[in-house]
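> Input file: structure15.cif. Contents: mmCIF, C-alpha atoms.
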data_entry
loop_
_atom_site.label_atom_id
_atom_site.label_comp_id
_atom_site.auth_asym_id
_atom_site.auth_seq_id
_atom_site.Cartn_x
_atom_site.Cartn_y
_atom_site.Cartn_z
CA MET Y 1 -66.16 -35.49 2.23
CA THR Y 2 -62.94 -36.85 0.85
CA VAL Y 3 -63.95 -40.51 1.14
CA TYR Y 4 -63.83 -41.36 -2.56
CA THR Y 5 -63.16 -44.77 -4.10
CA SER Y 6 -63.47 -46.15 -7.61
CA THR Y 7 -66.16 -48.57 -6.43
CA ALA Y 8 -68.53 -45.86 -5.22
CA ARG Y 9 -69.91 -45.17 -8.68
CA PHE Y 10 -73.42 -43.98 -9.45
CA ASP Y 11 -73.96 -46.18 -12.49
CA ASP Y 12 -74.50 -49.92 -12.97
CA SER Y 13 -70.93 -50.76 -11.92
CA ALA Y 14 -71.31 -49.50 -8.34
CA ARG Y 15 -70.25 -52.10 -5.78
CA ALA Y 16 -69.20 -52.49 -2.20
CA LEU Y 17 -65.56 -52.47 -1.14
CA THR Y 18 -64.02 -55.91 -0.73
CA GLU Y 19 -62.42 -56.83 2.58
CA THR Y 20 -58.99 -56.61 0.94
CA GLU Y 21 -59.70 -53.09 -0.32
CA LEU Y 22 -61.03 -52.06 3.07
CA ARG Y 23 -57.93 -53.39 4.83
CA LYS Y 24 -55.74 -51.31 2.53
CA LEU Y 25 -57.72 -48.09 2.97
CA ALA Y 26 -58.38 -48.33 6.71
CA PRO Y 27 -56.63 -51.20 8.51
CA SER Y 28 -57.82 -49.98 11.90
CA VAL Y 29 -61.35 -51.09 10.94
CA PHE Y 30 -60.20 -54.63 11.77
CA ALA Y 31 -58.69 -53.95 15.21
CA VAL Y 32 -59.93 -56.59 17.67
CA ASP Y 33 -58.13 -55.30 20.76
CA ALA Y 34 -57.97 -51.92 22.43
CA HIS Y 35 -54.87 -49.75 22.37
CA HIS Y 36 -52.71 -50.38 25.44
CA SER Y 37 -53.54 -46.89 26.76
CA ARG Y 38 -57.16 -47.93 27.43
CA SER Y 39 -58.38 -49.19 30.80
CA ASP Y 40 -60.08 -52.54 31.40
CA ARG Y 41 -63.46 -50.78 31.31
CA PHE Y 42 -62.99 -49.95 27.62
CA GLN Y 43 -64.69 -52.59 25.47
CA PRO Y 44 -62.99 -52.88 22.05
CA ILE Y 45 -65.79 -53.75 19.64
CA PRO Y 46 -64.25 -54.41 16.20
CA THR Y 47 -65.71 -52.07 13.61
CA PHE Y 48 -65.78 -54.87 11.08
CA ASP Y 49 -68.14 -56.89 13.29
CA VAL Y 50 -70.56 -53.97 13.36
CA LEU Y 51 -70.02 -53.44 9.63
CA ARG Y 52 -71.05 -57.03 8.93
CA ALA Y 53 -74.32 -56.41 10.78
CA LEU Y 54 -74.94 -53.23 8.76
CA MET Y 55 -74.18 -55.06 5.51
CA ALA Y 56 -76.80 -57.66 6.44
CA GLU Y 57 -79.25 -54.74 6.63
CA GLY Y 58 -78.29 -53.63 3.12
CA PHE Y 59 -75.81 -50.85 3.97
CA GLN Y 60 -72.62 -51.47 1.98
CA PRO Y 61 -69.20 -49.81 2.43
CA VAL Y 62 -68.34 -47.73 -0.64
CA GLY Y 63 -65.51 -45.64 0.83
CA ALA Y 64 -63.16 -45.59 3.80
CA LYS Y 65 -60.27 -43.63 5.30
CA GLN Y 66 -58.41 -43.44 8.58
CA SER Y 67 -56.52 -40.75 10.42
CA VAL Y 68 -52.76 -40.48 10.20
CA ALA Y 69 -51.36 -41.80 13.49
CA ARG Y 70 -48.62 -39.55 14.89
CA ILE Y 71 -47.54 -42.39 17.16
CA ASP Y 72 -46.72 -45.57 15.23
CA ASP Y 73 -48.28 -47.98 17.71
CA ARG Y 74 -51.68 -46.29 17.25
CA ARG Y 75 -51.85 -46.97 13.52
CA ASP Y 76 -53.89 -50.16 13.90
CA PHE Y 77 -56.28 -48.57 16.40
CA THR Y 78 -56.73 -45.03 15.11
CA LYS Y 79 -59.87 -43.19 14.10
CA HIS Y 80 -61.50 -44.29 10.85
CA LEU Y 81 -64.50 -43.33 8.75
CA ILE Y 82 -66.58 -45.60 6.52
CA ARG Y 83 -69.00 -44.33 3.88
CA LEU Y 84 -72.09 -46.54 3.55
CA ARG Y 85 -74.81 -46.60 0.90
CA ARG Y 86 -77.69 -48.87 0.04
CA LEU Y 87 -76.93 -50.62 -3.23
CA ASP Y 88 -80.07 -52.76 -3.34
CA ASN Y 89 -82.59 -50.07 -4.23
CA ALA Y 90 -81.89 -50.00 -7.99
CA ALA Y 91 -81.83 -46.20 -7.97
CA ALA Y 92 -80.78 -44.45 -11.18
CA TYR Y 93 -78.67 -41.36 -10.52
CA SER Y 94 -77.86 -38.36 -12.66
CA VAL Y 95 -75.24 -35.64 -12.29
CA GLY Y 96 -76.59 -33.02 -9.90
CA ASP Y 97 -78.70 -35.48 -7.88
CA THR Y 98 -78.46 -35.44 -4.10
CA VAL Y 99 -78.24 -38.77 -2.26
CA CYS Y 100 -78.33 -39.87 1.37
CA GLU Y 101 -75.46 -41.86 2.79
CA ILE Y 102 -74.29 -42.89 6.23
CA LEU Y 103 -70.86 -42.18 7.70
CA LEU Y 104 -69.66 -44.52 10.45
CA LYS Y 105 -66.79 -43.25 12.61
CA ASN Y 106 -65.00 -45.26 15.28
CA ALA Y 107 -61.63 -45.87 16.95
CA ASN Y 108 -60.19 -48.40 19.39
CA ASP Y 109 -57.69 -45.98 20.92
CA GLY Y 110 -60.25 -44.00 22.90
CA THR Y 111 -60.46 -41.04 20.49
CA SER Y 112 -63.95 -41.85 19.23
CA ALA Y 113 -67.09 -43.72 20.15
CA TYR Y 114 -69.16 -45.23 17.36
CA ASP Y 115 -70.54 -42.14 15.66
CA LEU Y 116 -73.21 -42.53 12.98
CA ILE Y 117 -73.62 -39.47 10.81
CA ALA Y 118 -76.21 -38.90 8.13
CA GLY Y 119 -74.93 -36.96 5.15
CA LEU Y 120 -76.20 -35.51 1.90
CA PHE Y 121 -73.93 -35.88 -1.12
CA ARG Y 122 -74.28 -34.13 -4.47
CA VAL Y 123 -73.30 -36.27 -7.45
CA ARG Y 124 -70.58 -34.45 -9.39
CA CYS Y 125 -70.12 -37.22 -11.93
CA LEU Y 126 -71.13 -40.86 -12.19
CA ASN Y 127 -67.62 -42.18 -11.47
CA SER Y 128 -68.08 -41.62 -7.71
CA LEU Y 129 -67.11 -37.96 -7.28
CA VAL Y 130 -69.43 -36.34 -4.77
CA ALA Y 131 -69.41 -33.34 -2.51
CA GLN Y 132 -70.81 -33.77 0.94
CA VAL Y 133 -73.30 -30.98 1.42
CA GLY Y 134 -74.16 -31.48 5.03
CA THR Y 135 -74.25 -33.70 8.06
CA ILE Y 136 -77.79 -33.82 9.34
CA ASP Y 137 -77.95 -35.86 12.50
CA SER Y 138 -75.74 -38.23 14.44
CA VAL Y 139 -76.00 -40.99 17.02
CA LYS Y 140 -73.12 -41.98 19.32
CA VAL Y 141 -72.73 -45.49 20.70
CA ARG Y 142 -70.18 -45.93 23.49
CA HIS Y 143 -67.74 -48.81 23.83
CA THR Y 144 -69.73 -50.62 26.51
CA GLY Y 145 -71.63 -53.89 26.52
CA THR Y 146 -71.26 -56.87 24.21
CA ALA Y 147 -70.54 -56.77 20.50
CA GLN Y 148 -74.12 -57.87 19.86
CA ASP Y 149 -75.50 -55.02 21.99
CA VAL Y 150 -73.33 -52.47 20.21
CA SER Y 151 -74.25 -53.82 16.77
CA HIS Y 152 -77.93 -53.59 17.64
CA LYS Y 153 -77.58 -49.98 18.81
CA VAL Y 154 -75.58 -49.02 15.72
CA ILE Y 155 -78.19 -50.54 13.37
CA GLU Y 156 -80.98 -48.81 15.27
CA GLY Y 157 -79.10 -45.52 15.07
CA THR Y 158 -78.44 -45.98 11.36
CA TYR Y 159 -82.14 -46.07 10.56
CA ARG Y 160 -82.74 -43.04 12.76
CA VAL Y 161 -80.13 -40.82 11.10
CA LEU Y 162 -81.12 -42.09 7.66
CA GLY Y 163 -84.67 -40.96 8.38
CA GLU Y 164 -83.42 -37.48 9.27
CA ALA Y 165 -81.34 -37.34 6.10
CA GLN Y 166 -84.37 -38.30 4.02
CA LYS Y 167 -86.19 -35.25 5.39
CA ALA Y 168 -83.24 -33.06 4.42
CA LEU Y 169 -83.49 -34.18 0.78
CA ALA Y 170 -86.00 -31.35 0.44
CA ALA Y 171 -83.10 -28.88 0.65
CA PRO Y 172 -82.04 -28.96 -3.03
CA GLN Y 173 -85.56 -28.14 -4.22
CA ASP Y 174 -86.50 -25.72 -1.44
CA TRP Y 175 -83.23 -23.79 -1.32
CA ALA Y 176 -82.98 -23.56 -5.11
CA ARG Y 177 -86.11 -21.41 -5.07
CA LEU Y 178 -84.58 -18.90 -2.63
CA ALA Y 179 -82.73 -16.11 -4.43
CA LEU Y 180 -79.95 -14.41 -2.46
CA ASN Y 181 -78.91 -10.81 -2.91
CA SER Y 182 -75.27 -9.75 -2.70
CA ASP Y 183 -75.48 -8.87 1.01
CA GLU Y 184 -76.97 -12.27 1.90
CA LYS Y 185 -74.28 -14.08 -0.07
CA GLN Y 186 -71.62 -12.02 1.68
CA VAL Y 187 -73.06 -12.96 5.09
CA LEU Y 188 -72.78 -16.65 4.22
CA ALA Y 189 -69.24 -16.19 2.94
CA GLU Y 190 -68.08 -14.20 5.97
CA SER Y 191 -69.54 -16.74 8.39
CA ALA Y 192 -67.95 -19.63 6.50
CA HIS Y 193 -64.65 -17.72 6.44
CA VAL Y 194 -64.62 -17.53 10.25
CA LEU Y 195 -65.58 -21.21 10.56
CA ARG Y 196 -62.68 -22.24 8.31
CA PHE Y 197 -59.95 -19.79 9.29
CA GLY Y 198 -60.95 -18.36 12.68
CA ASP Y 199 -59.02 -19.08 15.87
CA ALA Y 200 -60.55 -19.82 19.27
CA GLU Y 201 -61.59 -16.16 19.58
CA GLY Y 202 -63.03 -16.05 16.07
CA GLU Y 203 -60.18 -13.91 14.74
CA THR Y 204 -58.88 -14.65 11.24
CA ASN Y 205 -55.30 -14.13 10.14
CA THR Y 206 -55.17 -15.06 6.48
CA PRO Y 207 -54.97 -13.11 3.21
CA ILE Y 208 -57.78 -15.32 1.86
CA GLN Y 209 -60.88 -13.14 1.59
CA PRO Y 210 -64.53 -14.16 2.17
CA ALA Y 211 -65.38 -13.16 -1.40
CA GLN Y 212 -63.12 -15.95 -2.68
CA LEU Y 213 -65.47 -18.50 -1.11
CA LEU Y 214 -68.22 -17.30 -3.47
CA ARG Y 215 -66.30 -17.97 -6.69
CA PRO Y 216 -67.77 -20.98 -8.52
CA ARG Y 217 -65.43 -23.67 -9.81
CA ARG Y 218 -67.70 -24.78 -12.64
CA ARG Y 219 -70.11 -23.16 -15.06
CA ASP Y 220 -73.14 -24.93 -13.57
CA ASP Y 221 -72.63 -23.18 -10.24
CA THR Y 222 -73.08 -19.56 -11.29
CA ALA Y 223 -76.68 -19.10 -10.09
CA SER Y 224 -77.46 -16.93 -7.06
CA ASP Y 225 -79.95 -19.18 -5.26
CA LEU Y 226 -79.22 -20.49 -1.76
CA TRP Y 227 -78.62 -24.10 -2.82
CA THR Y 228 -76.04 -23.18 -5.44
CA THR Y 229 -74.36 -20.56 -3.25
CA PHE Y 230 -74.13 -23.00 -0.35
CA ASN Y 231 -72.53 -25.66 -2.56
CA VAL Y 232 -69.99 -23.17 -3.92
CA VAL Y 233 -69.02 -21.98 -0.45
CA GLN Y 234 -68.88 -25.52 0.93
CA GLU Y 235 -66.63 -26.74 -1.87
CA ASN Y 236 -64.24 -23.81 -1.56
CA VAL Y 237 -64.00 -24.30 2.20
CA ILE Y 238 -63.44 -28.07 2.12
CA ARG Y 239 -61.45 -28.67 -1.07
CA GLY Y 240 -58.90 -25.91 -0.61
CA GLY Y 241 -56.81 -24.56 -3.49
CA LEU Y 242 -57.65 -20.89 -2.89
CA THR Y 243 -54.68 -18.57 -3.32
CA ALA Y 244 -53.80 -15.07 -2.16
CA ARG Y 245 -50.74 -12.90 -1.54
CA GLY Y 246 -49.89 -11.80 1.97
CA ARG Y 247 -46.89 -11.22 4.20
CA ASP Y 248 -45.09 -13.47 6.66
CA ALA Y 249 -44.04 -12.65 10.23
CA ASN Y 250 -41.02 -10.75 8.88
CA ASN Y 251 -43.24 -8.70 6.54
CA ARG Y 252 -41.89 -10.46 3.47
CA PRO Y 253 -44.31 -11.14 0.60
CA ARG Y 254 -45.63 -14.68 0.49
CA ARG Y 255 -48.15 -16.62 -1.55
CA VAL Y 256 -50.76 -18.55 0.41
CA THR Y 257 -52.67 -21.58 -0.89
CA THR Y 258 -55.34 -23.19 1.26
CA ARG Y 259 -55.13 -26.91 1.90
CA ALA Y 260 -57.99 -29.36 1.56
CA VAL Y 261 -59.66 -30.35 4.82
CA ASN Y 262 -58.61 -33.99 5.23
CA GLY Y 263 -58.89 -34.50 8.98
CA ILE Y 264 -61.89 -36.65 9.83
CA ASP Y 265 -63.14 -34.57 12.77
CA GLN Y 266 -62.53 -31.19 11.12
CA ASP Y 267 -64.22 -32.38 7.93
CA VAL Y 268 -67.34 -33.52 9.78
CA LYS Y 269 -67.41 -30.43 12.01
CA LEU Y 270 -67.12 -27.97 9.13
CA ASN Y 271 -69.71 -29.73 6.99
CA ARG Y 272 -72.18 -29.79 9.86
CA ALA Y 273 -71.63 -26.12 10.70
CA LEU Y 274 -71.95 -24.99 7.08
CA PHE Y 275 -75.15 -26.95 6.55
CA THR Y 276 -76.63 -25.54 9.76
CA LEU Y 277 -75.68 -22.03 8.64
CA ALA Y 278 -77.41 -22.47 5.27
CA ALA Y 279 -80.47 -24.03 6.90
CA LYS Y 280 -80.86 -21.02 9.19
CA MET Y 281 -80.51 -18.70 6.20
CA ALA Y 282 -83.28 -20.66 4.47
CA GLU Y 283 -85.56 -20.22 7.48
CA LEU Y 284 -84.84 -16.48 7.55
CA LYS Y 285 -85.83 -16.40 3.88
CA GLY Y 286 -89.16 -18.02 4.70
CA ALA Y 287 -88.50 -21.72 4.04
CA ALA Y 288 -89.92 -24.33 6.38
CA PRO Y 289 -87.43 -26.14 8.65
CA LEU Y 290 -86.15 -29.29 6.94
CA ALA Y 291 -87.04 -31.62 9.81
CA ALA Y 292 -90.59 -30.36 10.14
#
Written as structure tokens, how would this file's structure read?

Amino acid sequence: MTVYTSTARFDDSARALTETELRKLAPSVFAVDAHHSRSDRFQPIPTFDVLRALMAEGFQPVGAKQSVARIDDRRDFTKHLIRLRRLDNAAAYSVGDTVCEILLKNANDGTSAYDLIAGLFRVRCLNSLVAQVGTIDSVKVRHTGTAQDVSHKVIEGTYRVLGEAQKALAAPQDWARLALNSDEKQVLAESAHVLRFGDAEGETNTPIQPAQLLRPRRRDDTASDLWTTFNVVQENVIRGGLTARGRDANNRPRRVTTRAVNGIDQDVKLNRALFTLAAKMAELKGAAPLAA
């Protein structure tokens, strides 16, 4: 997930975002009214009010982003995503560790309810770089009722999805013991290829090949176990930067480079689908379901 900030470190200098930093990254977090397109039944509950309640429970914002509004008057109401982590547990992290975090999505223009998403993140380095390796569970809270009611439901949902993510922390250990042969790796790559590049009918029209999704970007990711293979595929799908030569509509040679997935909804959807795909592969290989 591309919700990185310099404050979201994994060493002693980790801290929450300040209100000023949060306003700069995602001003729509502070919207107190609904967009004019909403009816009177829509209850605009400011995200920051809910965030204050979560912070009182120990969940601190360490990253934030918002969608690019195509219509200027939606900029202060558009969809946003906040990355939350507990900073009061004195945990010591190392490169390669997997941590649980919560993603809170909302909008006051009608494009999103409060959506709490539990995610697993693999620590790439201690200066905050992580790769989201799956969304595990989610709880949606609609824009109805009072701010206090919504805050209560969001806090309740946060603990629920965090509990599901804690169960999924078994994945790094369990999946690392499952060796994949070349055919199994190809199945994962081909499925991920359709998820990333397929149209509504599942047809792909890109010179990027499934095998490119299996190419590791770092020396530590050359193993053939399920956990490593999944991380390689996930990173190649989400981060972009893959290149290939193809032809345009006029049959002229062209060079294609994949873009990073930056859209909030597409990012969440792809991460969830890829994690589900790997989890099913693990079960086929004999591993117990993560939520058992």
> To one decimal in Å, tell me the separation between atom CA of Y:Ala211 and atom CA of Y:Asp183.
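Separation between atom CA of Y:Ala211 and atom CA of Y:Asp183: 11.2 Å.
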> Which is closer to Y:Leu284 than all the others in Y:Ile102, Y:Arg245, Y:Asp12, Y:Leu226, using all atoms listed in the file?
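Among the listed residues, the smallest separation from Y:Leu284 belongs to Y:Leu226.
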> Scan for residues within 9 Å of the point (-70.4, -25.2, 6.6) in the coordinates of the file, using all atoms listed in the file, and reply as a PyMOL selection string.
chain Y and resi 133-134+191-192+195-196+230+233-234+237-238+269-278
> From the list Y:Asn250, Y:Asn108, Y:Ser13, Y:Thr98, which residue is nearest Y:Ala170 when using only C-alpha atoms?
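Of the candidates, the smallest distance to Y:Ala170 is held by Y:Thr98.
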> Counting only C-alpha atoms, figure out which residue out of Y:Asp267, Y:Glu283, Y:Asp174, Y:Asp88 gets nearest to Y:Ser67.
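Going through Y:Asp267, Y:Glu283, Y:Asp174, Y:Asp88 one by one, the smallest distance to Y:Ser67 is for Y:Asp267.
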> Could you give me, as a ChimeraX atom specification, the residues that sit within 9 Å of (-80.8, -48.0, 7.4) in the file's coordinates, counting only C-alpha atoms?
/Y:54,57-59,85-86,102,155-163
> Suppose a student applies the PyMOL selection byres ((chain Y and resi 104) around 8) to this structure; what residues should they get, written as a ChimeraX atom specification?
/Y:81-84,102-103,105-106,114-117
> Point out the residue among Y:Thr257, Y:Asn251, Y:Asn231, Y:Thr222 with the least atom-to-atom distance to Y:Ile208, counting all atoms listed in the file.
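The closest residue to Y:Ile208 is Y:Thr257.
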> Please, what distance in Å, to one decimal, runs between atom CA of Y:Gln60 and atom CA of Y:Cys100?
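Separation between atom CA of Y:Gln60 and atom CA of Y:Cys100: 12.9 Å.
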> For a test of reading the model, state the distance in Å between atom CA of Y:Leu214 and atom CA of Y:Ala189, rounded to one decimal.
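Spanning atom CA of Y:Leu214 to atom CA of Y:Ala189 is a straight-line distance of 6.6 Å.
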> If you apply the PyMOL selection byres ((chain Y and resi 63) around 9) to this file, what residues do you get, as a PyMOL selection string?
chain Y and resi 3-8+16-17+22+25+61-62+64-65+81-84
> Go ahead and dump the residues you just picked, C-alpha atoms, as a PDB file, in the coordinates of the input.

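Heads up, here's the output in result.pdb:
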ATOM      1  CA  VAL Y   3     -63.950 -40.510   1.140  1.00  0.00           C
ATOM      2  CA  TYR Y   4     -63.830 -41.360  -2.560  1.00  0.00           C
ATOM      3  CA  THR Y   5     -63.160 -44.770  -4.100  1.00  0.00           C
ATOM      4  CA  SER Y   6     -63.470 -46.150  -7.610  1.00  0.00           C
ATOM      5  CA  THR Y   7     -66.160 -48.570  -6.430  1.00  0.00           C
ATOM      6  CA  ALA Y   8     -68.530 -45.860  -5.220  1.00  0.00           C
ATOM      7  CA  ALA Y  16     -69.200 -52.490  -2.200  1.00  0.00           C
ATOM      8  CA  LEU Y  17     -65.560 -52.470  -1.140  1.00  0.00           C
ATOM      9  CA  LEU Y  22     -61.030 -52.060   3.070  1.00  0.00           C
ATOM     10  CA  LEU Y  25     -57.720 -48.090   2.970  1.00  0.00           C
ATOM     11  CA  PRO Y  61     -69.200 -49.810   2.430  1.00  0.00           C
ATOM     12  CA  VAL Y  62     -68.340 -47.730  -0.640  1.00  0.00           C
ATOM     13  CA  ALA Y  64     -63.160 -45.590   3.800  1.00  0.00           C
ATOM     14  CA  LYS Y  65     -60.270 -43.630   5.300  1.00  0.00           C
ATOM     15  CA  LEU Y  81     -64.500 -43.330   8.750  1.00  0.00           C
ATOM     16  CA  ILE Y  82     -66.580 -45.600   6.520  1.00  0.00           C
ATOM     17  CA  ARG Y  83     -69.000 -44.330   3.880  1.00  0.00           C
ATOM     18  CA  LEU Y  84     -72.090 -46.540   3.550  1.00  0.00           C
TER      19      LEU Y  84
END
> Find the residue from Y:Phe121, Y:Lys167, Y:Val154, Y:Phe197 that sits nearest to Y:Gln266; use all atoms listed in the file when measuring.
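Residue with the minimum atom-to-atom distance to Y:Gln266: Y:Phe197.
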> When distances are computed from all atoms listed in the file, which of Y:Phe48, Y:Lys285, Y:Gly240, Y:Phe10 shows the smallest separation from Y:Tyr93?
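Between Y:Phe48, Y:Lys285, Y:Gly240, Y:Phe10, the residue approaching Y:Tyr93 most closely is Y:Phe10.
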> Which residues, written as JSON, numbers by chain, have at least one atom at most 12 Å from Y:Pro253, with all atoms listed in the file counted and residues fewer than 6 positions away on the same chain left out?
{"Y": [207, 244, 245, 246, 247]}
> Write the residues of the preceding selection, restricted to C-alpha atoms, as an mmCIF file, in the frame of the given file.

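Contents of out28.cif, freshly written:
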data_model
loop_
_atom_site.group_PDB
_atom_site.id
_atom_site.type_symbol
_atom_site.label_atom_id
_atom_site.label_comp_id
_atom_site.auth_asym_id
_atom_site.auth_seq_id
_atom_site.Cartn_x
_atom_site.Cartn_y
_atom_site.Cartn_z
ATOM 1 C CA PRO Y 207 -54.970 -13.110 3.210
ATOM 2 C CA ALA Y 244 -53.800 -15.070 -2.160
ATOM 3 C CA ARG Y 245 -50.740 -12.900 -1.540
ATOM 4 C CA GLY Y 246 -49.890 -11.800 1.970
ATOM 5 C CA ARG Y 247 -46.890 -11.220 4.200
#
> Residues picked by the PyMOL selection byres ((chain Y and resi 96) around 7) here, as a VMD selection string?
chain Y and resid 94 to 95 97 to 98 122 to 124
> Restore all heavy atoms in stretch 58-66 of chain Y and list the result as a CSV table (one decimal), keeping the file's coordinate frame.

chain,number,residue,atom,x,y,z
Y,58,GLY,N,-78.3,-54.2,4.4
Y,58,GLY,CA,-78.3,-53.6,3.1
Y,58,GLY,C,-77.4,-52.4,3.0
Y,58,GLY,O,-77.4,-51.8,1.9
Y,59,PHE,N,-76.7,-52.0,4.0
Y,59,PHE,CA,-75.8,-50.8,4.0
Y,59,PHE,C,-74.4,-51.3,3.6
Y,59,PHE,O,-73.8,-52.0,4.4
Y,59,PHE,CB,-75.8,-50.1,5.3
Y,59,PHE,CG,-77.2,-49.6,5.7
Y,59,PHE,CD1,-78.0,-50.2,6.5
Y,59,PHE,CD2,-77.6,-48.4,5.1
Y,59,PHE,CE1,-79.3,-49.8,6.9
Y,59,PHE,CE2,-78.9,-47.9,5.5
Y,59,PHE,CZ,-79.7,-48.6,6.3
Y,60,GLN,N,-73.9,-51.0,2.5
Y,60,GLN,CA,-72.6,-51.5,2.0
Y,60,GLN,C,-71.5,-50.4,2.0
Y,60,GLN,O,-71.8,-49.2,1.8
Y,60,GLN,CB,-72.8,-51.9,0.5
Y,60,GLN,CG,-73.9,-53.0,0.3
Y,60,GLN,CD,-73.6,-54.3,1.1
Y,60,GLN,OE1,-72.5,-54.7,1.2
Y,60,GLN,NE2,-74.7,-54.9,1.6
Y,61,PRO,N,-70.3,-50.8,2.4
Y,61,PRO,CA,-69.2,-49.8,2.4
Y,61,PRO,C,-68.7,-49.5,1.0
Y,61,PRO,O,-68.4,-50.3,0.2
Y,61,PRO,CB,-68.1,-50.6,3.2
Y,61,PRO,CG,-68.4,-52.0,2.9
Y,61,PRO,CD,-69.9,-52.1,2.8
Y,62,VAL,N,-68.8,-48.2,0.7
Y,62,VAL,CA,-68.3,-47.7,-0.6
Y,62,VAL,C,-67.1,-46.8,-0.6
Y,62,VAL,O,-66.6,-46.3,-1.6
Y,62,VAL,CB,-69.5,-47.1,-1.4
Y,62,VAL,CG1,-70.6,-48.1,-1.7
Y,62,VAL,CG2,-70.1,-45.9,-0.6
Y,63,GLY,N,-66.7,-46.5,0.6
Y,63,GLY,CA,-65.5,-45.6,0.8
Y,63,GLY,C,-65.0,-45.8,2.2
Y,63,GLY,O,-65.8,-46.1,3.2
Y,64,ALA,N,-63.7,-45.5,2.5
Y,64,ALA,CA,-63.2,-45.6,3.8
Y,64,ALA,C,-61.9,-44.8,3.9
Y,64,ALA,O,-61.2,-44.6,2.9
Y,64,ALA,CB,-62.9,-47.0,4.2
Y,65,LYS,N,-61.5,-44.3,5.0
Y,65,LYS,CA,-60.3,-43.6,5.3
Y,65,LYS,C,-60.0,-43.7,6.8
Y,65,LYS,O,-60.9,-44.0,7.6
Y,65,LYS,CB,-60.3,-42.2,4.9
Y,65,LYS,CG,-61.3,-41.3,5.7
Y,65,LYS,CD,-61.4,-39.9,5.2
Y,65,LYS,CE,-60.2,-39.1,5.3
Y,65,LYS,NZ,-60.3,-37.7,4.9
Y,66,GLN,N,-58.7,-43.5,7.2
Y,66,GLN,CA,-58.4,-43.4,8.6
Y,66,GLN,C,-57.4,-42.3,8.8
Y,66,GLN,O,-56.8,-41.8,7.9
Y,66,GLN,CB,-57.9,-44.8,9.1
Y,66,GLN,CG,-56.4,-45.1,8.7
Y,66,GLN,CD,-55.9,-46.4,9.3
Y,66,GLN,OE1,-56.7,-47.4,9.4
Y,66,GLN,NE2,-54.7,-46.3,9.8
